[in-house]
$ cat structure_23.txt   # compact mmCIF, C-alpha atoms and all ligand atoms
# COMPACT_ATOMS: atom_id res chain seq x y z
CA MET X 1 79.53 90.23 131.84
CA SER X 2 81.39 88.65 128.95
CA ASN X 3 85.01 89.51 128.21
CA PRO X 4 85.72 92.15 125.57
CA SER X 5 86.33 90.56 122.18
CA LEU X 6 89.26 91.13 119.87
CA LEU X 7 89.78 89.81 116.34
CA ILE X 8 93.45 89.55 115.43
CA LEU X 9 94.45 89.58 111.76
CA PRO X 10 98.26 89.29 111.58
CA GLY X 11 98.36 89.34 107.76
CA ASP X 12 101.54 89.01 105.72
CA GLY X 13 105.29 89.67 105.88
CA ILE X 14 106.31 91.10 109.25
CA GLY X 15 102.61 91.25 110.31
CA PRO X 16 102.69 87.86 112.10
CA GLU X 17 106.09 88.68 113.66
CA VAL X 18 105.00 91.95 115.26
CA MET X 19 101.61 90.53 116.20
CA ALA X 20 103.27 87.66 118.09
CA GLU X 21 104.69 90.28 120.47
CA VAL X 22 101.26 91.87 120.88
CA ARG X 23 99.81 88.44 121.72
CA ARG X 24 102.33 88.15 124.58
CA ILE X 25 101.26 91.56 125.86
CA ILE X 26 97.58 90.62 125.65
CA ASP X 27 98.37 87.48 127.67
CA TRP X 28 100.25 89.62 130.20
CA TYR X 29 97.17 91.81 130.73
CA GLY X 30 95.06 88.68 131.30
CA ALA X 31 97.51 87.15 133.77
CA LYS X 32 98.69 90.26 135.63
CA ARG X 33 95.84 92.78 135.38
CA GLY X 34 92.79 90.51 135.17
CA LEU X 35 91.99 92.07 131.82
CA VAL X 36 90.99 89.02 129.81
CA PHE X 37 90.06 89.33 126.14
CA ASP X 38 88.21 86.81 124.01
CA VAL X 39 90.77 86.68 121.24
CA SER X 40 90.12 85.07 117.87
CA GLU X 41 92.57 85.04 114.99
CA ASP X 42 91.98 84.91 111.26
CA LEU X 43 93.51 85.60 107.85
CA VAL X 44 93.65 88.77 105.79
CA GLY X 45 95.62 89.78 102.71
CA GLY X 46 97.92 87.46 100.79
CA CYS X 47 97.65 84.62 103.31
CA ALA X 48 93.84 84.73 103.00
CA TYR X 49 94.19 84.62 99.22
CA ASP X 50 96.48 81.57 99.53
CA ALA X 51 93.96 79.79 101.77
CA HIS X 52 90.63 80.91 100.26
CA GLY X 53 91.32 82.59 96.92
CA THR X 54 90.16 85.94 98.31
CA PRO X 55 92.01 88.55 100.43
CA LEU X 56 89.16 88.60 102.96
CA HIS X 57 86.75 85.71 103.43
CA ASP X 58 83.09 86.62 104.09
CA ASP X 59 83.24 84.76 107.42
CA THR X 60 86.18 86.92 108.51
CA MET X 61 84.29 90.06 107.46
CA ALA X 62 81.27 88.91 109.50
CA LYS X 63 83.50 88.27 112.54
CA ALA X 64 85.02 91.75 112.21
CA GLN X 65 81.53 93.25 112.36
CA GLU X 66 80.74 91.41 115.59
CA VAL X 67 83.81 91.94 117.75
CA ASP X 68 84.58 94.94 119.96
CA ALA X 69 87.79 95.69 118.05
CA VAL X 70 89.95 94.39 115.21
CA LEU X 71 93.75 94.49 115.41
CA LEU X 72 95.57 94.10 112.09
CA GLY X 73 99.29 93.55 111.37
CA ALA X 74 100.04 94.33 107.71
CA VAL X 75 99.18 92.97 104.29
CA GLY X 76 100.92 92.59 100.96
CA GLY X 77 104.06 91.27 99.37
CA PRO X 78 105.77 90.84 95.99
CA LYS X 79 104.30 87.34 95.62
CA TYR X 80 100.91 88.94 95.03
CA ASP X 81 101.96 91.79 92.72
CA SER X 82 100.65 90.12 89.56
CA LEU X 83 97.19 89.32 90.95
CA ASP X 84 94.12 90.99 89.54
CA PHE X 85 93.39 94.30 91.30
CA SER X 86 90.27 92.85 92.98
CA LEU X 87 92.29 90.03 94.56
CA LYS X 88 95.27 92.03 95.80
CA PRO X 89 96.01 91.76 99.54
CA GLU X 90 95.26 95.49 100.09
CA ARG X 91 91.67 94.90 98.90
CA GLY X 92 91.07 92.89 102.09
CA LEU X 93 92.04 95.86 104.21
CA LEU X 94 89.99 98.28 102.11
CA ARG X 95 86.95 96.02 102.40
CA LEU X 96 87.26 95.98 106.19
CA ARG X 97 87.47 99.79 106.32
CA LYS X 98 84.57 100.25 103.91
CA GLU X 99 82.13 97.68 105.28
CA MET X 100 82.79 98.68 108.88
CA ASP X 101 82.25 102.28 107.74
CA LEU X 102 85.30 103.57 109.58
CA TYR X 103 85.06 107.28 108.97
CA ALA X 104 87.46 108.67 111.58
CA ASN X 105 91.13 107.86 111.14
CA LEU X 106 93.22 108.61 114.22
CA ARG X 107 96.91 109.16 113.65
CA PRO X 108 98.91 110.12 116.73
CA ALA X 109 102.22 111.92 116.45
CA GLN X 110 103.98 111.16 119.68
CA CYS X 111 107.67 111.70 120.20
CA PHE X 112 109.44 109.62 122.80
CA ASP X 113 112.24 111.70 124.30
CA ALA X 114 114.80 108.97 123.64
CA LEU X 115 114.09 109.23 119.90
CA ALA X 116 113.87 113.01 119.58
CA ASP X 117 117.20 113.05 117.72
CA PHE X 118 115.58 110.98 114.98
CA SER X 119 113.34 113.84 113.88
CA SER X 120 114.34 116.13 111.05
CA LEU X 121 113.28 119.03 113.31
CA LYS X 122 115.22 120.43 116.26
CA THR X 123 115.04 118.30 119.39
CA ASP X 124 113.29 120.93 121.53
CA VAL X 125 110.58 121.33 118.89
CA VAL X 126 109.60 117.65 119.00
CA ALA X 127 110.70 116.28 122.41
CA GLY X 128 107.59 115.37 124.38
CA LEU X 129 105.29 116.01 121.41
CA ASP X 130 101.91 114.27 121.71
CA ILE X 131 99.26 115.29 119.21
CA MET X 132 96.45 113.45 117.44
CA ILE X 133 95.19 114.04 113.92
CA VAL X 134 91.65 112.92 113.12
CA ARG X 135 91.25 112.50 109.37
CA GLU X 136 87.85 111.98 107.75
CA LEU X 137 88.32 108.71 105.88
CA THR X 138 85.28 107.77 103.81
CA SER X 139 84.25 110.88 101.88
CA GLY X 140 85.64 114.08 100.35
CA VAL X 141 87.61 114.46 97.16
CA TYR X 142 88.77 110.82 97.02
CA PHE X 143 85.16 109.68 96.63
CA GLY X 144 83.11 112.63 95.29
CA GLU X 145 81.34 112.47 91.90
CA PRO X 146 81.80 113.46 89.15
CA ARG X 147 85.28 112.12 88.76
CA GLY X 148 87.31 110.97 85.81
CA ILE X 149 89.28 112.12 82.80
CA PHE X 150 87.02 113.60 80.12
CA GLU X 151 87.38 115.11 76.64
CA GLU X 152 86.64 118.83 76.56
CA GLY X 153 87.08 120.58 73.24
CA ASN X 154 90.40 119.42 71.88
CA GLU X 155 91.99 118.45 75.18
CA ARG X 156 91.37 116.21 78.19
CA VAL X 157 90.31 117.39 81.62
CA GLY X 158 90.86 115.53 84.91
CA ILE X 159 88.09 116.00 87.46
CA ASN X 160 87.68 115.15 91.12
CA THR X 161 84.98 116.57 93.31
CA GLN X 162 85.27 117.63 96.93
CA ARG X 163 81.89 116.82 98.45
CA TYR X 164 80.84 116.69 102.08
CA THR X 165 77.35 116.36 103.55
CA GLU X 166 76.53 117.94 106.89
CA SER X 167 76.08 114.51 108.49
CA GLU X 168 79.50 113.33 107.29
CA ILE X 169 81.15 116.38 108.86
CA ASP X 170 79.02 116.12 111.99
CA ARG X 171 79.99 112.51 112.77
CA VAL X 172 83.74 112.94 112.32
CA ALA X 173 83.63 116.19 114.30
CA ARG X 174 81.90 114.33 117.15
CA SER X 175 84.63 111.67 117.12
CA ALA X 176 87.23 114.44 117.37
CA PHE X 177 85.42 116.26 120.20
CA GLU X 178 85.00 112.98 122.13
CA LEU X 179 88.73 112.42 121.74
CA ALA X 180 89.51 115.96 122.85
CA MET X 181 87.39 115.35 125.96
CA ARG X 182 89.62 112.37 126.85
CA ARG X 183 92.77 114.41 126.25
CA ASN X 184 93.47 118.09 126.86
CA ARG X 185 90.14 119.52 125.67
CA LYS X 186 91.72 121.42 122.80
CA LEU X 187 90.59 120.91 119.20
CA CYS X 188 91.78 122.67 116.05
CA SER X 189 89.70 122.18 112.89
CA MET X 190 91.51 122.66 109.57
CA GLU X 191 89.99 123.39 106.14
CA LYS X 192 90.23 126.07 103.46
CA ALA X 193 87.07 128.04 104.11
CA ASN X 194 88.77 131.01 102.42
CA VAL X 195 88.60 129.35 98.98
CA MET X 196 86.33 126.28 99.22
CA GLU X 197 82.58 126.12 99.89
CA SER X 198 83.02 122.64 101.36
CA GLY X 199 85.41 124.32 103.80
CA VAL X 200 82.81 126.94 104.71
CA LEU X 201 80.29 124.19 105.47
CA TRP X 202 82.95 122.20 107.35
CA ARG X 203 83.67 125.20 109.60
CA GLU X 204 79.97 125.87 110.21
CA VAL X 205 79.13 122.27 111.12
CA VAL X 206 82.18 121.80 113.37
CA THR X 207 81.31 125.05 115.17
CA GLU X 208 77.73 123.82 115.63
CA VAL X 209 78.84 120.44 117.00
CA GLY X 210 81.18 122.34 119.34
CA LYS X 211 78.14 123.74 121.16
CA ASP X 212 77.58 120.21 122.52
CA TYR X 213 81.13 120.24 123.91
CA PRO X 214 81.47 123.58 125.71
CA GLU X 215 84.46 122.28 127.72
CA VAL X 216 86.52 121.89 124.56
CA ALA X 217 88.42 124.95 123.30
CA LEU X 218 87.75 124.94 119.55
CA THR X 219 89.89 126.86 117.06
CA HIS X 220 89.90 126.93 113.25
CA MET X 221 92.88 127.21 110.95
CA TYR X 222 93.35 127.15 107.19
CA ALA X 223 94.99 123.83 106.31
CA ASP X 224 97.98 125.44 104.55
CA ALA X 225 98.69 127.57 107.63
CA GLY X 226 98.20 124.41 109.68
CA ALA X 227 100.97 122.67 107.75
CA MET X 228 103.30 125.58 108.48
CA GLN X 229 102.38 125.64 112.16
CA LEU X 230 102.88 121.87 112.45
CA THR X 231 106.48 122.21 111.37
CA ARG X 232 107.12 125.52 113.19
CA TRP X 233 105.77 124.63 116.65
CA PRO X 234 103.72 121.40 116.67
CA LYS X 235 103.29 121.42 120.45
CA GLN X 236 100.68 124.20 120.14
CA PHE X 237 98.21 121.50 119.00
CA ASP X 238 96.47 118.69 120.83
CA VAL X 239 93.72 117.21 118.60
CA ILE X 240 93.37 118.30 114.97
CA VAL X 241 90.33 117.38 112.85
CA THR X 242 90.38 117.71 109.09
CA ASP X 243 89.03 116.27 105.85
CA ASN X 244 90.25 113.27 103.88
CA LEU X 245 92.69 115.04 101.54
CA PHE X 246 94.20 117.51 104.01
CA GLY X 247 94.26 114.76 106.63
CA ASP X 248 96.20 112.48 104.30
CA LEU X 249 98.95 115.09 103.95
CA LEU X 250 98.92 116.55 107.45
CA SER X 251 98.90 113.18 109.25
CA ASP X 252 101.93 111.97 107.27
CA LEU X 253 103.70 115.23 107.95
CA ALA X 254 102.93 115.13 111.68
CA ALA X 255 103.79 111.44 112.02
CA MET X 256 107.19 111.81 110.44
CA LEU X 257 108.07 114.62 112.85
CA THR X 258 108.63 111.81 115.29
CA GLY X 259 110.93 109.37 113.51
CA SER X 260 110.61 105.81 112.24
CA LEU X 261 107.74 104.08 110.47
CA GLY X 262 108.22 101.20 112.90
CA MET X 263 106.90 103.42 115.71
CA LEU X 264 103.60 104.69 114.27
CA PRO X 265 100.22 103.27 115.36
CA SER X 266 96.78 104.18 114.02
CA ALA X 267 93.09 103.62 114.67
CA SER X 268 90.08 103.87 112.41
CA LEU X 269 86.77 104.36 114.18
CA GLY X 270 83.17 104.19 113.03
CA ALA X 271 79.75 104.66 114.55
CA PRO X 272 79.03 103.50 118.11
CA MET X 273 77.73 99.91 118.33
CA ALA X 274 74.88 98.78 120.59
CA ASN X 275 77.32 98.50 123.53
CA GLY X 276 78.40 102.12 123.05
CA ARG X 277 81.86 101.21 121.74
CA PRO X 278 82.79 102.53 118.31
CA LYS X 279 83.43 100.10 115.47
CA ALA X 280 87.20 99.99 115.45
CA LEU X 281 90.22 98.76 113.52
CA TYR X 282 93.70 99.28 114.97
CA GLU X 283 96.83 98.83 112.87
CA PRO X 284 100.40 100.04 112.53
CA VAL X 285 100.95 102.59 109.77
CA HIS X 286 103.72 100.52 108.20
CA GLY X 287 103.29 97.78 105.60
CA SER X 288 104.45 94.17 105.48
CA ALA X 289 108.13 95.10 104.94
CA PRO X 290 109.02 92.11 102.73
CA ASP X 291 112.67 93.25 102.72
CA ILE X 292 113.08 92.28 106.39
CA ALA X 293 110.31 89.68 106.85
CA GLY X 294 111.30 86.45 108.57
CA GLN X 295 114.56 87.85 109.91
CA GLY X 296 113.52 88.95 113.40
CA LYS X 297 114.39 92.55 112.53
CA ALA X 298 110.93 94.13 112.60
CA ASN X 299 110.15 96.75 115.20
CA PRO X 300 107.00 95.58 117.02
CA ILE X 301 106.37 98.96 118.72
CA ALA X 302 103.93 100.38 116.11
CA CYS X 303 101.72 97.31 116.52
CA ILE X 304 102.09 97.34 120.31
CA LEU X 305 101.13 101.02 120.43
CA SER X 306 98.13 100.21 118.21
CA PHE X 307 97.00 97.79 120.91
CA ALA X 308 97.52 100.60 123.47
CA MET X 309 95.14 102.71 121.38
CA ALA X 310 92.61 99.84 121.48
CA LEU X 311 92.91 99.74 125.27
CA ARG X 312 92.20 103.46 125.41
CA TYR X 313 89.56 103.98 122.73
CA SER X 314 87.69 100.66 122.59
CA PHE X 315 88.04 99.29 126.10
CA ASP X 316 88.07 102.39 128.32
CA GLN X 317 91.37 101.32 129.84
CA GLY X 318 93.19 104.62 129.61
CA ALA X 319 95.36 103.93 132.66
CA GLU X 320 96.46 100.56 131.21
CA ALA X 321 97.18 102.22 127.86
CA ASP X 322 99.36 104.74 129.72
CA ARG X 323 101.11 101.84 131.45
CA LEU X 324 101.91 100.19 128.11
CA GLU X 325 103.10 103.44 126.50
CA LYS X 326 105.30 104.13 129.53
CA ALA X 327 106.77 100.62 129.25
CA VAL X 328 107.71 101.38 125.62
CA GLU X 329 109.17 104.72 126.71
CA ARG X 330 111.18 102.92 129.42
CA VAL X 331 112.87 100.43 127.06
CA LEU X 332 113.70 103.18 124.59
CA ALA X 333 115.15 105.30 127.38
CA ASP X 334 117.22 102.25 128.39
CA GLY X 335 118.76 102.33 124.92
CA LEU X 336 117.10 99.29 123.32
CA ARG X 337 116.80 99.70 119.57
CA THR X 338 115.56 97.51 116.76
CA ALA X 339 117.57 97.93 113.55
CA ASP X 340 115.27 100.65 112.12
CA LEU X 341 116.00 102.88 115.15
CA LEU X 342 119.75 102.67 114.99
CA GLY X 343 121.60 105.89 114.44
CA GLN X 344 124.59 105.77 116.71
CA GLU X 345 127.52 103.53 116.00
CA GLY X 346 128.40 100.86 118.50
CA VAL X 347 124.82 100.00 119.48
CA ALA X 348 123.80 96.45 118.56
CA PRO X 349 120.19 96.05 117.45
CA VAL X 350 117.78 93.83 119.37
CA THR X 351 115.43 91.39 117.65
CA THR X 352 111.65 91.70 117.43
CA ALA X 353 111.23 89.16 120.24
CA GLU X 354 113.90 90.78 122.42
CA MET X 355 112.11 94.12 122.12
CA GLY X 356 108.84 92.39 123.08
CA SER X 357 110.50 90.72 126.09
CA ALA X 358 111.96 94.03 127.26
CA ILE X 359 108.55 95.70 127.08
CA LEU X 360 107.04 92.81 129.07
CA ALA X 361 109.78 93.22 131.67
CA ALA X 362 109.02 96.96 131.86
CA LEU X 363 105.33 96.11 132.32
CA ASP X 364 106.26 93.76 135.17
CA ALA X 365 108.36 96.50 136.72
CA SER X 366 105.39 98.87 136.55
CA LEU X 367 103.34 96.77 139.01
P1 LIG O 401 106.57 99.16 104.26
O1 LIG O 401 105.97 100.02 105.30
O2 LIG O 401 106.25 97.72 104.32
O3 LIG O 401 108.18 99.29 104.33
C1 LIG O 401 108.88 100.52 104.08
C2 LIG O 401 110.27 100.44 104.72
O4 LIG O 401 110.15 100.57 106.14
C3 LIG O 401 110.98 99.12 104.47
O5 LIG O 401 112.35 99.36 104.32
C4 LIG O 401 110.74 98.34 105.73
O6 LIG O 401 111.73 97.38 106.02
C5 LIG O 401 110.67 99.43 106.79
N1 LIG O 401 109.74 99.06 107.87
C6 LIG O 401 108.39 99.10 107.81
N2 LIG O 401 107.87 98.67 108.97
C7 LIG O 401 108.91 98.37 109.77
C8 LIG O 401 109.00 97.88 111.10
N3 LIG O 401 107.92 97.60 111.86
N4 LIG O 401 110.23 97.67 111.61
C9 LIG O 401 111.33 97.93 110.89
N5 LIG O 401 111.30 98.43 109.64
C10 LIG O 401 110.10 98.62 109.08
O7 LIG O 401 106.15 99.78 102.86
P2 LIG O 401 106.44 99.24 101.37
O8 LIG O 401 107.80 98.62 101.32
O9 LIG O 401 106.12 100.38 100.49
O10 LIG O 401 105.35 98.11 101.12
C11 LIG O 401 105.57 96.71 101.33
C12 LIG O 401 104.26 95.96 101.17
O11 LIG O 401 103.35 96.38 102.21
C13 LIG O 401 103.53 96.26 99.86
O12 LIG O 401 102.93 95.07 99.42
C14 LIG O 401 102.50 97.31 100.24
O13 LIG O 401 101.39 97.27 99.38
C15 LIG O 401 102.13 96.83 101.63
N6 LIG O 401 101.59 97.90 102.50
C16 LIG O 401 100.62 97.51 103.37
C17 LIG O 401 100.12 98.41 104.28
C18 LIG O 401 99.12 97.92 105.29
O14 LIG O 401 98.97 96.73 105.46
N7 LIG O 401 98.43 98.81 106.00
C19 LIG O 401 100.60 99.73 104.32
C20 LIG O 401 101.61 100.10 103.42
C21 LIG O 401 102.10 99.17 102.52

$ encode --input "structure_23.txt" --output "structure tokens"
Amino acid sequence: MSNPSLLILPGDGIGPEVMAEVRRIIDWYGAKRGLVFDVSEDLVGGCAYDAHGTPLHDDTMAKAQEVDAVLLGAVGGPKYDSLDFSLKPERGLLRLRKEMDLYANLRPAQCFDALADFSSLKTDVVAGLDIMIVRELTSGVYFGEPRGIFEEGNERVGINTQRYTESEIDRVARSAFELAMRRNRKLCSMEKANVMESGVLWREVVTEVGKDYPEVALTHMYADAGAMQLTRWPKQFDVIVTDNLFGDLLSDLAAMLTGSLGMLPSASLGAPMANGRPKALYEPVHGSAPDIAGQGKANPIACILSFAMALRYSFDQGAEADRLEKAVERVLADGLRTADLLGQEGVAPVTTAEMGSAILAALDASL
């Protein structure tokens, strides 16, 4: 059987810096765990524009469609601010998401004990937190028609339309149930069925899909109550599934319960391919951080944890993903901090590469 394939798109700013640390970890898995990937690397964002005059070359797009998973660093930077909208670095990322039809956005909110003090909530509320929000990414009010600003009588009216088909709800619900099966078999679906017809349909379809997953305990909650519960006692949740708009808000809220942007991974999944694996793009939540690019200050953990998600969700290597997450936990518990994680006085920050080396050492120690 051929090796699993991975397309790496480091991108701009700190993207290449954090991805260099992921490359070392990928090499470690090949050398120490016999887990060899066919890795190819290409350009996306501003660097692709510099090389090809477009933020994503067609050949790169074609490669992304063929591989088992894509791992992206970050795109963007002030150098490209004046470009036409269609040529901006972010368009490369949006094209990947759209053409790969990545409809399920997975945003974990995981709090490492060593960083619990970083949260704006009380330590006991967030310590040990590990939840996953699945946000529908390709439909809903951000895409529904009609939309626009129209004249009506003697004033203007702004219109957006929340629209979901049964099949759109069905497929994202299945992604969430599959995820729940790999975790603690608990799924909470959030909508506003009390005031929105799209919410009524959402609830009906999710309930119907749930019949195919009798092992999963399914609950429903209105999204506004969900926001309150996420800040009151987030540990009551395991997997949450919700629409594009509510997911946008709730996933940011949940993610920031746990601290720094430099720690947050994400995955966007689409339909299963012929080999059964979902189309998949893994990327840190953060951007290209031009303010610290090229200085060795970037925290590589968000990108490293994105690779851990790839191990788990694309390559069925849950135990190896656990190993990598534990290695990250270990170095944090040992007190290593990149500059973005510094709170206490007297602790000197480590560089991007030093953090990567420490995680590799923790991986070695795990054998
Ligand atoms: P940003 O996420 O790049 O940075 C916000 C702040 O967080 C900065 O102070 C930065 O130094 C810090 N930060 C971010 N990641 C960090 C890390 N790994 N380690 C340490 N500190 C980190 O957001 P921004 O400043 O609003 O945007 C900068 C550029 O990135 C823009 O061009 C924007 O369009 C682009 N962007 C890209 C993505 C993406 O590629 N997915 C996402 C958001 C923003």

$ residues_around --input "structure_23.txt" --residues "range 318-325 of chain X" --least-positions-apart "3" --cutoff "10 Å" --atoms "all atoms listed in the file" --output "ChimeraX atom specification"
/X:25,29,33,35,112,182,301,304-315,328-330,359-360,362-363,366-367

$ atom_distance --input "structure_23.txt" --atom1 "CA of Tyr49 in chain X" --atom2 "CA of Arg24 in chain X"
26.9 Å

$ residues_near_ligand --input "structure_23.txt" --ligand "ligand LIG 401 (chain O)" --cutoff "6 Å" --atoms "all atoms listed in the file" --output "compact mmCIF listing (two decimals) with C-alpha atoms, in the coordinates of the input"
# COMPACT_ATOMS: atom_id res chain seq x y z
CA ALA X 74 100.04 94.33 107.71
CA VAL X 75 99.18 92.97 104.29
CA GLY X 76 100.92 92.59 100.96
CA GLY X 77 104.06 91.27 99.37
CA LEU X 261 107.74 104.08 110.47
CA GLY X 262 108.22 101.20 112.90
CA VAL X 285 100.95 102.59 109.77
CA HIS X 286 103.72 100.52 108.20
CA GLY X 287 103.29 97.78 105.60
CA SER X 288 104.45 94.17 105.48
CA ALA X 289 108.13 95.10 104.94
CA PRO X 290 109.02 92.11 102.73
CA ASP X 291 112.67 93.25 102.72
CA ILE X 292 113.08 92.28 106.39
CA ALA X 298 110.93 94.13 112.60
CA ASN X 299 110.15 96.75 115.20
CA PRO X 300 107.00 95.58 117.02
CA ASP X 340 115.27 100.65 112.12

$ atom_distance --input "structure_23.txt" --atom1 "CA of Ser2 in chain X" --atom2 "CA of Met273 in chain X"
15.9 Å

$ residues_around --input "structure_23.txt" --residues "Pro55 in chain X" --least-positions-apart "4" --cutoff "9 Å" --atoms "all atoms listed in the file" --output "list of chain:residue names"
X:Leu43, X:Val44, X:Gly45, X:Gly46, X:Cys47, X:Ala48, X:Tyr49, X:Asp50, X:Ser86, X:Leu87, X:Lys88, X:Pro89, X:Glu90, X:Arg91, X:Gly92, X:Leu93

$ atom_distance --input "structure_23.txt" --atom1 "CA of Leu56 in chain X" --atom2 "CA of Leu72 in chain X"
12.4 Å

$ closest_residue --input "structure_23.txt" --among "X:Asp101, X:Asp170, X:Asp117, X:Glu178" --to "Val206 in chain X" --atoms "all atoms listed in the file"
X:Asp170

$ axis_aligned_box --input "structure_23.txt" --around "range 203-220 of chain X" --padding-each-side "4 Å" --output "lines of an AutoDock Vina configuration file"
center_x = 83.7
center_y = 123.6
center_z = 118.7
size_x = 20.3
size_y = 14.7
size_z = 26.1

$ closest_residue --input "structure_23.txt" --among "X:Asn154, X:Asn3, X:Ser260, X:Asn160" --to "Phe118 in chain X" --atoms "only C-alpha atoms"
X:Ser260

$ residues_near_point --input "structure_23.txt" --point "(98.3, 123.5, 111.1)" --cutoff "12 Å" --atoms "only C-alpha atoms" --output "JSON, numbers by chain"
{"X": [131, 133, 187, 188, 189, 190, 191, 192, 219, 220, 221, 222, 223, 224, 225, 226, 227, 228, 229, 230, 231, 232, 233, 234, 235, 236, 237, 238, 239, 240, 241, 242, 246, 247, 249, 250, 251, 253, 254]}

$ closest_residue --input "structure_23.txt" --among "X:Val22, X:Ala267, X:Met132, X:Ala114" --to "Met355 in chain X" --atoms "all atoms listed in the file"
X:Val22

$ closest_residue --input "structure_23.txt" --among "X:Leu201, X:Cys303, X:Ala271, X:Ala31" --to "Ile8 in chain X" --atoms "only C-alpha atoms"
X:Cys303

$ closest_residue --input "structure_23.txt" --among "X:Ile26, X:Lys32, X:Glu215, X:Gly210" --to "Arg183 in chain X" --atoms "only C-alpha atoms"
X:Glu215

$ closest_residue --input "structure_23.txt" --among "X:Arg23, X:Lys279, X:Lys297, X:Lys326" --to "Ala365 in chain X" --atoms "only C-alpha atoms"
X:Lys326
